[in-house]
Each structure stands twice: as structure tokens, then as C-alpha cells.
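Participant: My structure is stored as target_27.csv, with CSV, C-alpha atoms.
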```
chain,number,residue,atom,x,y,z
W,1,MET,CA,84.7,101.6,115.2
W,2,GLU,CA,84.5,98.0,116.4
W,3,LEU,CA,83.1,95.8,113.7
W,4,GLN,CA,81.3,93.5,116.1
W,5,LYS,CA,79.4,96.3,117.7
W,6,VAL,CA,78.5,98.8,115.0
W,7,GLY,CA,78.7,96.5,112.0
W,8,ARG,CA,76.5,93.7,113.4
W,9,GLY,CA,74.3,92.2,110.7
W,10,ILE,CA,76.2,94.1,107.9
W,11,VAL,CA,78.5,92.4,105.6
W,12,SER,CA,80.9,93.6,102.9
W,13,ARG,CA,81.6,91.8,99.7
W,14,ALA,CA,83.3,92.2,96.3
W,15,PRO,CA,80.7,93.2,93.7
W,16,THR,CA,80.5,91.9,90.2
W,17,GLU,CA,81.0,94.4,87.4
W,18,ASP,CA,77.3,94.3,86.5
W,19,ARG,CA,76.5,94.9,90.1
W,20,LEU,CA,78.9,97.9,90.2
W,21,ARG,CA,77.1,99.4,87.2
W,22,GLN,CA,73.8,99.2,89.1
W,23,LEU,CA,75.1,100.6,92.3
W,24,VAL,CA,76.8,103.6,90.6
W,25,ALA,CA,73.7,104.3,88.6
W,26,ARG,CA,71.6,104.4,91.8
W,27,ALA,CA,74.2,106.5,93.7
W,28,ALA,CA,74.3,109.0,90.9
W,29,MET,CA,70.6,109.8,91.5
W,30,ASP,CA,71.6,111.0,95.0
W,31,VAL,CA,75.0,112.5,94.3
W,32,PRO,CA,75.2,114.2,90.9
W,33,GLY,CA,78.6,114.4,89.2
W,34,ILE,CA,80.1,111.2,90.6
W,35,ALA,CA,82.4,109.0,88.5
W,36,GLU,CA,81.1,107.2,85.5
W,37,ALA,CA,80.5,103.5,86.0
W,38,GLU,CA,83.1,102.5,83.5
W,39,LYS,CA,85.7,104.5,85.3
W,40,VAL,CA,84.8,102.8,88.6
W,41,ILE,CA,85.1,99.4,86.9
W,42,GLU,CA,88.5,100.4,85.4
W,43,ILE,CA,89.8,101.3,88.9
W,44,TYR,CA,88.3,98.1,90.4
W,45,ARG,CA,90.1,96.0,87.8
W,46,HIS,CA,93.3,97.8,88.6
W,47,ASN,CA,93.0,97.1,92.3
W,48,PRO,CA,90.0,95.1,93.6
W,49,ASP,CA,90.6,96.5,97.1
W,50,THR,CA,89.3,99.9,96.0
W,51,ILE,CA,85.6,98.9,96.1
W,52,MET,CA,83.4,97.1,98.6
W,53,GLU,CA,79.6,96.5,98.5
W,54,ILE,CA,77.9,96.9,101.9
W,55,VAL,CA,74.9,94.6,102.4
W,56,ARG,CA,72.3,94.2,105.1
W,57,SER,CA,69.3,91.9,105.0
W,58,ASN,CA,66.0,93.5,106.1
W,59,GLY,CA,64.5,90.2,107.2
W,60,SER,CA,62.2,89.7,104.3
W,61,GLY,CA,64.7,88.2,101.9
W,62,GLU,CA,65.6,91.5,100.3
W,63,ALA,CA,68.7,93.4,101.1
W,64,GLU,CA,69.8,97.0,101.5
W,65,THR,CA,73.0,97.7,99.7
W,66,GLY,CA,75.5,100.5,99.5
W,67,ILE,CA,79.0,101.1,98.2
W,68,ILE,CA,82.3,102.3,99.7
W,69,ALA,CA,85.1,103.3,97.4
W,70,LEU,CA,88.7,104.3,98.2
W,71,LEU,CA,91.8,105.1,96.3
W,72,PRO,CA,95.1,103.8,97.8
W,73,LEU,CA,97.6,106.3,96.5
W,74,ASN,CA,101.2,105.6,95.6
W,75,GLU,CA,104.0,108.2,96.0
W,76,ASP,CA,103.1,109.9,92.7
W,77,GLY,CA,99.4,109.9,93.6
W,78,ASP,CA,99.9,111.4,97.0
W,79,ARG,CA,101.7,114.3,95.4
W,80,ALA,CA,99.2,114.6,92.5
W,81,LEU,CA,96.4,115.0,95.0
W,82,PHE,CA,97.9,118.3,96.1
W,83,THR,CA,99.3,119.5,92.8
W,84,GLY,CA,95.9,119.1,91.1
W,85,GLU,CA,97.1,116.3,88.7
W,86,LEU,CA,94.8,113.8,90.3
W,87,ASP,CA,91.3,114.1,89.0
W,88,THR,CA,89.3,112.8,91.9
W,89,VAL,CA,86.2,112.2,89.7
W,90,ALA,CA,88.1,110.2,87.0
W,91,PRO,CA,91.5,109.3,88.5
W,92,ASP,CA,94.3,107.9,86.4
W,93,CYS,CA,95.3,104.4,87.4
W,94,ARG,CA,99.0,105.4,87.4
W,95,PHE,CA,98.4,107.2,90.7
W,96,ILE,CA,96.7,104.2,92.4
W,97,CYS,CA,98.5,101.3,94.1
W,98,HIS,CA,98.2,97.8,92.8
W,99,GLN,CA,96.6,95.3,95.2
W,100,SER,CA,100.0,94.2,96.5
W,101,GLN,CA,101.4,97.6,97.2
W,102,ARG,CA,101.5,99.6,100.4
W,103,ALA,CA,99.7,102.9,100.2
W,104,VAL,CA,101.4,106.2,101.0
W,105,SER,CA,98.0,107.8,101.5
W,106,VAL,CA,94.3,106.9,101.0
W,107,TYR,CA,91.7,109.0,99.3
W,108,VAL,CA,88.2,108.0,100.4
W,109,TRP,CA,86.6,108.2,96.9
W,110,GLY,CA,83.0,107.7,97.9
W,111,ILE,CA,80.6,106.5,100.5
W,112,TRP,CA,77.0,105.9,99.6
W,113,VAL,CA,75.0,104.1,102.3
W,114,THR,CA,71.6,104.4,103.9
W,115,PRO,CA,71.3,105.3,107.6
W,116,ARG,CA,70.7,101.6,108.4
W,117,LEU,CA,74.0,100.8,106.6
W,118,ALA,CA,76.1,103.4,108.3
W,119,GLY,CA,77.6,100.8,110.6
W,120,GLY,CA,79.1,99.2,107.5
W,121,ILE,CA,81.8,101.9,107.6
W,122,ALA,CA,83.3,99.7,110.3
W,123,HIS,CA,84.3,97.4,107.4
W,124,LEU,CA,86.2,100.2,105.8
W,125,MET,CA,87.9,101.0,109.1
W,126,GLU,CA,88.9,97.4,109.5
W,127,ARG,CA,90.5,97.4,106.0
W,128,LEU,CA,92.3,100.7,106.7
W,129,SER,CA,93.7,99.2,110.0
W,130,SER,CA,95.6,96.5,108.1
W,131,ASN,CA,99.4,96.7,107.8
W,132,LYS,CA,99.1,97.8,104.2
W,133,TYR,CA,97.1,101.0,105.0
W,134,ARG,CA,97.6,101.6,108.7
W,135,SER,CA,100.3,104.3,108.4
W,136,ALA,CA,98.6,106.1,105.4
W,137,THR,CA,97.1,109.5,106.0
W,138,LEU,CA,93.4,109.6,105.0
W,139,TYR,CA,91.9,112.3,102.7
W,140,CYS,CA,88.4,113.0,101.3
W,141,LYS,CA,86.1,115.7,100.1
W,142,ALA,CA,82.6,116.3,101.4
W,143,ALA,CA,79.9,116.3,98.7
W,144,ASN,CA,77.6,118.4,100.9
W,145,GLU,CA,77.3,120.0,104.4
W,146,LYS,CA,75.8,116.8,105.8
W,147,ALA,CA,78.7,114.7,104.6
W,148,LEU,CA,81.1,117.3,106.0
W,149,LYS,CA,79.6,117.0,109.5
W,150,PHE,CA,79.7,113.2,109.2
W,151,PHE,CA,83.4,113.2,108.4
W,152,GLU,CA,84.2,115.7,111.1
W,153,THR,CA,82.6,113.3,113.7
W,154,LEU,CA,85.0,110.6,112.5
W,155,GLY,CA,87.9,112.9,113.2
W,156,PHE,CA,88.6,114.5,109.8
W,157,THR,CA,89.7,118.2,109.8
W,158,LYS,CA,89.2,120.6,107.0
W,159,GLY,CA,92.1,121.9,104.9
W,160,ALA,CA,95.4,120.2,104.0
W,161,TYR,CA,98.8,121.5,103.1
W,162,LYS,CA,101.6,119.5,101.6
W,163,PHE,CA,104.3,119.8,98.9
W,164,GLY,CA,103.9,123.6,99.0
W,165,HIS,CA,100.2,123.4,98.0
W,166,SER,CA,97.2,124.2,100.2
W,167,VAL,CA,93.9,122.5,99.4
W,168,PRO,CA,91.2,124.1,101.6
W,169,GLU,CA,88.4,121.7,100.5
W,170,LEU,CA,90.4,118.6,101.3
W,171,LEU,CA,89.6,116.8,104.6
W,172,ARG,CA,92.5,115.1,106.4
W,173,TYR,CA,92.7,112.4,109.0
W,174,GLU,CA,96.2,111.8,110.4
W,175,ARG,CA,96.7,108.3,111.7
W,176,ARG,CA,97.7,107.9,115.3
W,177,TYR,CA,100.0,105.0,116.0
W,178,GLY,CA,103.1,104.7,118.2
W,179,THR,CA,106.5,105.2,116.7
W,180,GLU,CA,107.3,101.5,116.6
W,181,ASP,CA,104.0,100.8,114.7
W,182,LEU,CA,104.7,103.6,112.2
W,183,ALA,CA,108.3,102.4,111.6
W,184,ALA,CA,107.0,98.9,110.9
W,185,ALA,CA,104.2,100.1,108.6
W,186,ALA,CA,106.0,102.9,106.8
W,187,PRO,CA,106.1,102.8,103.0
W,188,GLU,CA,109.1,101.0,101.7
W,189,GLU,CA,110.3,103.9,99.6
W,190,ALA,CA,110.0,107.0,101.7
W,191,PRO,CA,113.3,109.0,101.5
W,192,SER,CA,113.2,112.2,103.6
W,193,LYS,CA,114.3,114.3,100.6
W,194,SER,CA,113.7,113.5,97.0
W,195,TYR,CA,117.0,115.1,95.9
W,196,ASP,CA,119.0,113.2,98.6
W,197,SER,CA,117.7,109.7,98.3
W,198,TYR,CA,120.8,107.9,97.1
W,199,ASP,CA,122.7,105.7,99.6
W,200,PRO,CA,125.3,103.5,97.8
W,201,ALA,CA,125.5,101.1,100.9
W,202,THR,CA,121.8,100.1,100.6
W,203,ALA,CA,121.5,100.5,96.8
W,204,ALA,CA,124.3,97.9,96.0
W,205,GLY,CA,122.9,94.8,94.3
W,206,THR,CA,119.4,96.4,93.9
W,207,SER,CA,117.5,98.2,91.2
W,208,SER,CA,116.3,101.0,93.5
W,209,ILE,CA,116.3,104.6,92.2
W,210,GLY,CA,118.3,107.2,94.1
W,211,ILE,CA,118.9,110.9,93.4
W,212,LYS,CA,121.5,113.2,94.7
W,213,VAL,CA,123.1,116.6,94.1
W,214,VAL,CA,126.5,116.4,92.4
W,215,HIS,CA,129.2,117.3,95.0
W,216,SER,CA,132.4,115.9,93.5
W,217,LEU,CA,134.4,116.0,90.2
W,218,ASP,CA,133.9,112.2,89.9
W,219,GLU,CA,130.1,112.7,90.0
W,220,LEU,CA,130.3,115.5,87.5
W,221,LEU,CA,132.3,113.3,85.1
W,222,GLN,CA,129.5,110.7,85.5
W,223,VAL,CA,127.0,113.4,84.4
W,224,PHE,CA,129.1,114.3,81.4
W,225,ALA,CA,129.3,110.6,80.4
W,226,ILE,CA,125.5,110.2,80.6
W,227,ARG,CA,125.0,113.3,78.5
W,228,SER,CA,127.7,112.3,76.0
W,229,ALA,CA,126.0,108.9,75.5
W,230,THR,CA,122.6,110.4,74.9
W,231,TYR,CA,123.1,113.8,73.3
W,232,LEU,CA,126.3,113.3,71.4
W,233,GLY,CA,126.0,109.6,70.7
W,234,GLU,CA,122.3,109.1,70.1
W,235,GLN,CA,121.1,112.5,68.9
W,236,GLY,CA,124.2,113.8,67.1
W,237,VAL,CA,124.2,117.0,69.2
W,238,PRO,CA,127.5,118.9,68.5
W,239,TYR,CA,129.9,118.9,71.4
W,240,SER,CA,129.9,122.7,71.6
W,241,GLU,CA,126.1,122.8,72.0
W,242,ASP,CA,126.1,120.4,74.9
W,243,MET,CA,129.2,121.7,76.7
W,244,ASP,CA,128.0,125.2,76.5
W,245,GLY,CA,130.1,126.8,79.3
W,246,ASN,CA,127.3,126.7,81.8
W,247,ASP,CA,128.2,123.5,83.7
W,248,PHE,CA,130.0,125.4,86.4
W,249,SER,CA,127.3,128.0,87.0
W,250,GLY,CA,124.4,125.7,87.9
W,251,THR,CA,123.5,122.7,90.0
W,252,HIS,CA,123.6,119.1,88.7
W,253,LEU,CA,121.5,116.2,89.9
W,254,ILE,CA,122.5,112.6,89.2
W,255,GLY,CA,120.2,109.6,89.4
W,256,TYR,CA,121.3,106.0,90.0
W,257,VAL,CA,119.6,102.7,89.5
W,258,GLY,CA,121.3,100.5,92.1
W,259,THR,CA,124.8,102.0,92.1
W,260,GLU,CA,124.9,102.6,88.3
W,261,PRO,CA,124.7,106.2,87.0
W,262,ALA,CA,121.6,106.4,84.9
W,263,ALA,CA,120.2,109.9,84.6
W,264,CYS,CA,121.1,113.6,85.1
W,265,LEU,CA,119.6,117.0,85.2
W,266,ARG,CA,120.9,120.6,85.4
W,267,LEU,CA,119.4,123.6,87.1
W,268,ARG,CA,120.4,127.2,86.4
W,269,TYR,CA,119.3,130.2,88.4
W,270,PHE,CA,118.1,133.6,87.3
W,271,SER,CA,116.7,136.5,89.4
W,272,ASP,CA,113.3,135.0,90.1
W,273,PHE,CA,113.1,131.7,88.2
W,274,VAL,CA,115.1,128.5,87.6
W,275,LYS,CA,115.8,127.0,84.2
W,276,VAL,CA,115.4,123.2,84.2
W,277,GLU,CA,117.6,121.6,81.5
W,278,ARG,CA,119.9,118.9,80.3
W,279,LEU,CA,117.7,116.0,81.3
W,280,ALA,CA,119.3,112.8,80.0
W,281,VAL,CA,118.5,109.1,80.7
W,282,LEU,CA,120.6,106.2,79.5
W,283,PRO,CA,118.6,104.0,77.1
W,284,LYS,CA,118.5,100.9,79.2
W,285,PHE,CA,116.9,102.8,82.1
W,286,ARG,CA,114.1,104.6,80.1
W,287,ASN,CA,111.5,102.1,81.2
W,288,SER,CA,112.1,103.0,84.8
W,289,ARG,CA,110.7,105.9,86.8
W,290,ILE,CA,114.0,107.7,87.0
W,291,ALA,CA,113.1,110.5,84.6
W,292,PHE,CA,110.1,111.4,86.6
W,293,ARG,CA,112.0,111.1,89.9
W,294,ILE,CA,114.9,113.3,88.9
W,295,VAL,CA,112.7,116.1,87.5
W,296,ARG,CA,110.6,116.1,90.6
W,297,ALA,CA,113.8,116.1,92.7
W,298,GLY,CA,115.1,119.1,90.8
W,299,ILE,CA,111.9,121.1,91.4
W,300,ASP,CA,111.9,120.1,95.1
W,301,PHE,CA,115.5,121.2,95.4
W,302,ALA,CA,115.0,124.6,93.8
W,303,ARG,CA,111.8,125.2,95.9
W,304,GLU,CA,113.8,124.6,99.1
W,305,LYS,CA,116.1,127.3,97.9
W,306,GLY,CA,113.1,129.6,97.7
W,307,TYR,CA,112.3,129.5,93.9
W,308,HIS,CA,108.8,129.0,92.8
W,309,ARG,CA,108.9,129.8,89.1
W,310,PHE,CA,110.5,127.4,86.5
W,311,TYR,CA,111.2,127.5,82.8
W,312,GLY,CA,112.2,124.6,80.5
W,313,GLN,CA,112.4,123.4,77.0
W,314,ALA,CA,111.7,119.8,75.8
W,315,GLU,CA,111.2,117.9,72.6
W,316,ALA,CA,107.5,117.4,71.8
W,317,SER,CA,107.8,113.6,72.3
W,318,ILE,CA,108.8,114.0,75.9
W,319,TYR,CA,106.8,117.1,76.7
W,320,PRO,CA,104.0,115.1,78.4
W,321,LEU,CA,106.5,114.3,81.2
W,322,TRP,CA,106.9,118.0,81.9
W,323,GLN,CA,103.1,118.5,81.8
W,324,ARG,CA,102.7,116.0,84.6
W,325,PHE,CA,104.5,118.5,86.8
W,326,GLY,CA,102.2,121.3,85.7
W,327,PHE,CA,104.3,123.0,83.0
W,328,LYS,CA,102.2,125.0,80.6
W,329,ALA,CA,103.4,125.1,77.0
W,330,ARG,CA,104.0,128.6,75.5
W,331,PRO,CA,102.2,129.4,72.3
W,332,GLY,CA,104.1,128.9,69.0
W,333,ASP,CA,106.1,126.2,67.3
W,334,GLY,CA,109.0,126.2,69.8
W,335,VAL,CA,112.6,126.7,69.1
W,336,SER,CA,115.3,124.7,67.2
W,337,TYR,CA,119.1,124.5,67.4
W,338,MET,CA,122.0,123.1,65.5
W,339,THR,CA,120.5,119.7,65.0
W,340,GLY,CA,117.2,120.9,63.7
W,341,ARG,CA,115.3,119.3,66.6
W,342,ARG,CA,112.3,121.4,67.8
W,343,TYR,CA,111.8,122.1,71.5
W,344,LEU,CA,108.6,123.4,73.2
W,345,GLU,CA,109.0,126.0,75.8
W,346,GLY,CA,107.1,125.7,79.1
W,347,ASP,CA,106.5,127.5,82.4
W,348,LEU,CA,105.7,126.2,85.8
W,349,GLU,CA,104.7,128.2,88.9
W,350,VAL,CA,104.2,126.6,92.3
W,351,ASP,CA,103.7,127.7,95.9
W,352,ARG,CA,106.9,128.7,97.8
W,353,PRO,CA,107.3,126.5,100.8
W,354,ASN,CA,107.1,128.1,104.2
W,355,ASP,CA,110.4,126.6,105.4
W,356,TYR,CA,112.6,127.4,102.4
W,357,ILE,CA,116.3,128.2,103.0
W,358,SER,CA,116.6,131.9,103.8
W,359,THR,CA,119.2,134.2,105.5
W,360,ASP,CA,117.4,133.3,108.8
W,361,ALA,CA,118.0,129.6,108.4
W,362,GLY,CA,121.1,129.8,110.7
W,363,ALA,CA,124.8,130.2,110.1
W,364,TYR,CA,125.6,126.5,110.2
W,365,VAL,CA,122.7,125.6,107.8
W,366,LEU,CA,124.0,128.0,105.2
W,367,LEU,CA,127.4,126.3,105.4
W,368,ARG,CA,126.1,122.8,104.7
W,369,PRO,CA,126.6,121.1,101.3
W,370,GLU,CA,123.9,121.9,98.7
W,371,GLY,CA,120.9,119.6,99.2
W,372,ARG,CA,122.1,118.4,102.6
W,373,TRP,CA,120.6,121.2,104.6
W,374,HIS,CA,118.8,118.7,106.8
W,375,GLU,CA,122.0,117.1,108.0
W,376,ALA,CA,124.8,118.5,110.3
W,377,GLY,CA,127.8,119.6,108.2
W,378,GLU,CA,131.5,119.3,108.8
W,379,PHE,CA,131.8,122.7,110.5
W,380,GLU,CA,129.2,121.6,113.1
W,381,LYS,CA,130.9,118.2,113.6
W,382,SER,CA,134.4,119.9,114.0
W,383,GLN,CA,132.9,122.4,116.4
W,384,ASN,CA,131.4,119.6,118.5
W,385,ALA,CA,134.7,117.8,118.5
W,386,PHE,CA,136.5,120.9,119.5
W,387,GLY,CA,134.0,121.4,122.3
W,388,ASP,CA,134.5,117.8,123.5
W,389,ARG,CA,138.3,118.3,123.6
W,390,ALA,CA,138.0,121.6,125.4
W,391,ALA,CA,135.7,120.0,128.0
```
Let me see the file written as C-alpha cells.

Facilitator:
Amino acid sequence: MELQKVGRGIVSRAPTEDRLRQLVARAAMDVPGIAEAEKVIEIYRHNPDTIMEIVRSNGSGEAETGIIALLPLNEDGDRALFTGELDTVAPDCRFICHQSQRAVSVYVWGIWVTPRLAGGIAHLMERLSSNKYRSATLYCKAANEKALKFFETLGFTKGAYKFGHSVPELLRYERRYGTEDLAAAAPEEAPSKSYDSYDPATAAGTSSIGIKVVHSLDELLQVFAIRSATYLGEQGVPYSEDMDGNDFSGTHLIGYVGTEPAACLRLRYFSDFVKVERLAVLPKFRNSRIAFRIVRAGIDFAREKGYHRFYGQAEASIYPLWQRFGFKARPGDGVSYMTGRRYLEGDLEVDRPNDYISTDAGAYVLLRPEGRWHEAGEFEKSQNAFGDRAA
């Protein structure tokens, strides 16, 4: 939509907070159930790019006005849109980018314009074409059948699937740019796999967060050191309780800040569920996002193996972290162990991904290291080398 053609005579501007209250009140008369004005203002304060007022003079000194609102979502917000954690009526600011951040995806929060102001949507398109947003997939929901038809004329398609979750009412618009444009505009933190995002070569000298599956004895010793510092040193957990004999029957994930070991997690497998346990984060890294990242990586890892049911125990003080992933607390007071600490039990059930690792994944895939199923393994490399020599 070229602004000079369809947006002629229409301007966009940043509204004042009082003006926002007036616009939201008027919009609520046409679209019941929209966000409260104070929530809109909270989002606007968090990121002023989220709201624009559309204005057109009618020639008599008065002006027609409308409002366009969008939510530039960060990595967590993009996922929360599909898991149901993101309340699209009253969104939590932690899911929304700050003004200086590049969006992973954009949720079109609301468009309230008159027919004479419809060309003002070109202002929205101009904003979405900037480097900050141009690679971000667009999502929205239609308030009614008329809105649905309007979005479909813009190229939106109904139904979206991501992170193993299907959201039929979500409308999706995939951006179309060449590969060079996408590479230049891609989000800075976009590892292909959440559980294989650690690269020591690029992490050196930075404070970036990386997660990987433990593959060596040295990495396992790093896990034991993290747990010893947190469980034994801080909490006074007996050695025999932490080193319970299960460390060689599960999968360990380790998280790094830069190249320094900072967090760990253990997964153990049962017939149709996975137990998520032994989450530990060193004190100096507890203000980072590493706890959230490593739990998410553990769930993603197990889902790729075909599991979709999870069980865990967590102290009440950190249980909100688990609730962010959708864990539901079991009734009761929880359980306690040798130290007298009380742990709440919780369950999580998610969709099984369509492309999980199965016996049909291929012989070479099933030989690859855990969590590296997306990369050629040593058997494949040696086979290729043998073939080259034979040729």
C-alpha cells in the first residue's frame, strides 16, 4: 500500500494519554470487549511505537480520527501467542519489545477507523516495512466477519501453527522478502534449536545465553559443580539427596552466559511422560533469562523426542516460573524431603509436534548425538569421506 496514493490527506501522530482514553472509549462503543484504556496506556508507555492515531481533516476545521495498535512481540511473546500465555486483550509487557528492540513477530492489536480513514492503514504498512519489523510475521484476530474479510483482502490467511500449537482463530501474514533481505533483518537472537544454541566461538567475551545438551564428562562435571554450589552450598541439601543415582539415566542440559557455566537442568523419561528436575542457576546469573531459557529448551528437547506430557516439582517461591510454561499445580500442600523444604507438584501437557523423532526419521538421524538431530553426524561424514576416496 503506497502511502502517497492511498494515504493522501491522512496523517498519523502519537496521541497524548488523555487523547488515548477518549479514543479507546469511543472504540469500545463499536467493538465491545476491547482492552481497558489504562492497559492501552501501560503498553504505550512501555513502547510508544505500539499506538498511532490516524487523522483526516474534513475541510471544516474538524477532523476524523481513528486508532491503530500493534504489539511487537519478543521471543517469549511470539511463543506465548501460541501457548495461550499471551492475553491479547490485556497483554503483559514482558512479552512486548521495547522501542529499541527488533520484533520476532507482530500482533496487530486493533484497528478502529472509519471508511474515509481506511487509507491510513498505509501508515501502519510503512512502519511494518522498517528494518525493525520487516522480517516479522504478522498475526491478528478478526473481531467480526467484516474484519475477517478485510484482513483476507490484505493477504492474511486463517489458522496458524507453531511450537506444536494450532490456533485456528489466528490470522497469519508471512512476510515476503528475498533471502538477503531476511538475513539482514533477522532477529539478532534466533538460534535454530533452543537446546542447541551454545557456540563457544561466538559466545566468548559476551553475555549471551546459550543452552546445549551435555555430551561429555567435562560438561557433566560442570553440571555437578553448579548443583553443588546451589543445592549443597546454599540450601544445605544432603549430598545423597542430590546425587541420587539417576544422573546416568537421564539427559542433562547446561546453560552458559558467555562461556561460563551458569545453569543446568535434568530430564528423566518414563513410559509416556518426562520428569523435569534439578534446575539450578548460580546466584550471579539469577537476574538473567537463563532459567526461563533452559526450562523451555528442556521442554522443546523432550517434545522433539515425541513426549508431550511433563511432570515436575518446584519450591513455591519459583513455581511461577513453571506456571509460565503452562504447568498446572496439583491439589494439596506438596511434598517435602530431608531439608524440610516443600515442593509443589505440577503437570504440563502440550501438543506433540508433527516432525518428532520416530523410527521413520532415518538410520543416520537416529545415530546422531542427542539434540543434534538437525546436523550431519560423524557416521555420515565418514561415509561421505569413504565415498570420496572410493571415487

Participant: Distance atom CA of W:Tyr356-atom CA of W:Pro320, one decimal place?

Facilitator: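 These two atoms are separated by 28.3 Å.
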
Participant: Choose the residue, out of W:Phe150, W:Tyr343, W:Phe292, W:Phe325, that has the smallest atom-to-atom separation from W:Gln313; count all atoms listed in the file.

Facilitator: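 Looking only at the distances to W:Gln313, the closest residue turns out to be W:Tyr343.
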
Participant: When you draw a straight line from atom CA of W:Ala142 to atom CA of W:Arg56, how long is it in Å?

Facilitator: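 Those two atoms sit 24.7 Å apart.
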
Participant: Compile the contact shell of stretch 90-95 of chain W as a ChimeraX atom specification: residues with an atom at most 8 Å away, counting all atoms listed in the file, same-chain residues fewer than 6 positions apart removed.

Facilitator: /W:35-36,39,43,46,73-78,80

Participant: Can you pull out every residue within 12 Å of W:Asp18, counting only C-alpha atoms, but drop anything in the same chain fewer than 4 positions away, and send it as a list in words?

Facilitator: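 The neighbour list is Ala14, Gln22, Leu23, Val24, Ala25, Ala37, Glu38, Val40 and Ile41 of chain W.
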
Participant: Find the residue from W:Gly233, W:Pro331, W:Gly306, W:Gly245 that sits nearest to W:Leu282; use only C-alpha atoms when measuring.

Facilitator: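 Looking only at the distances to W:Leu282, the closest residue turns out to be W:Gly233.
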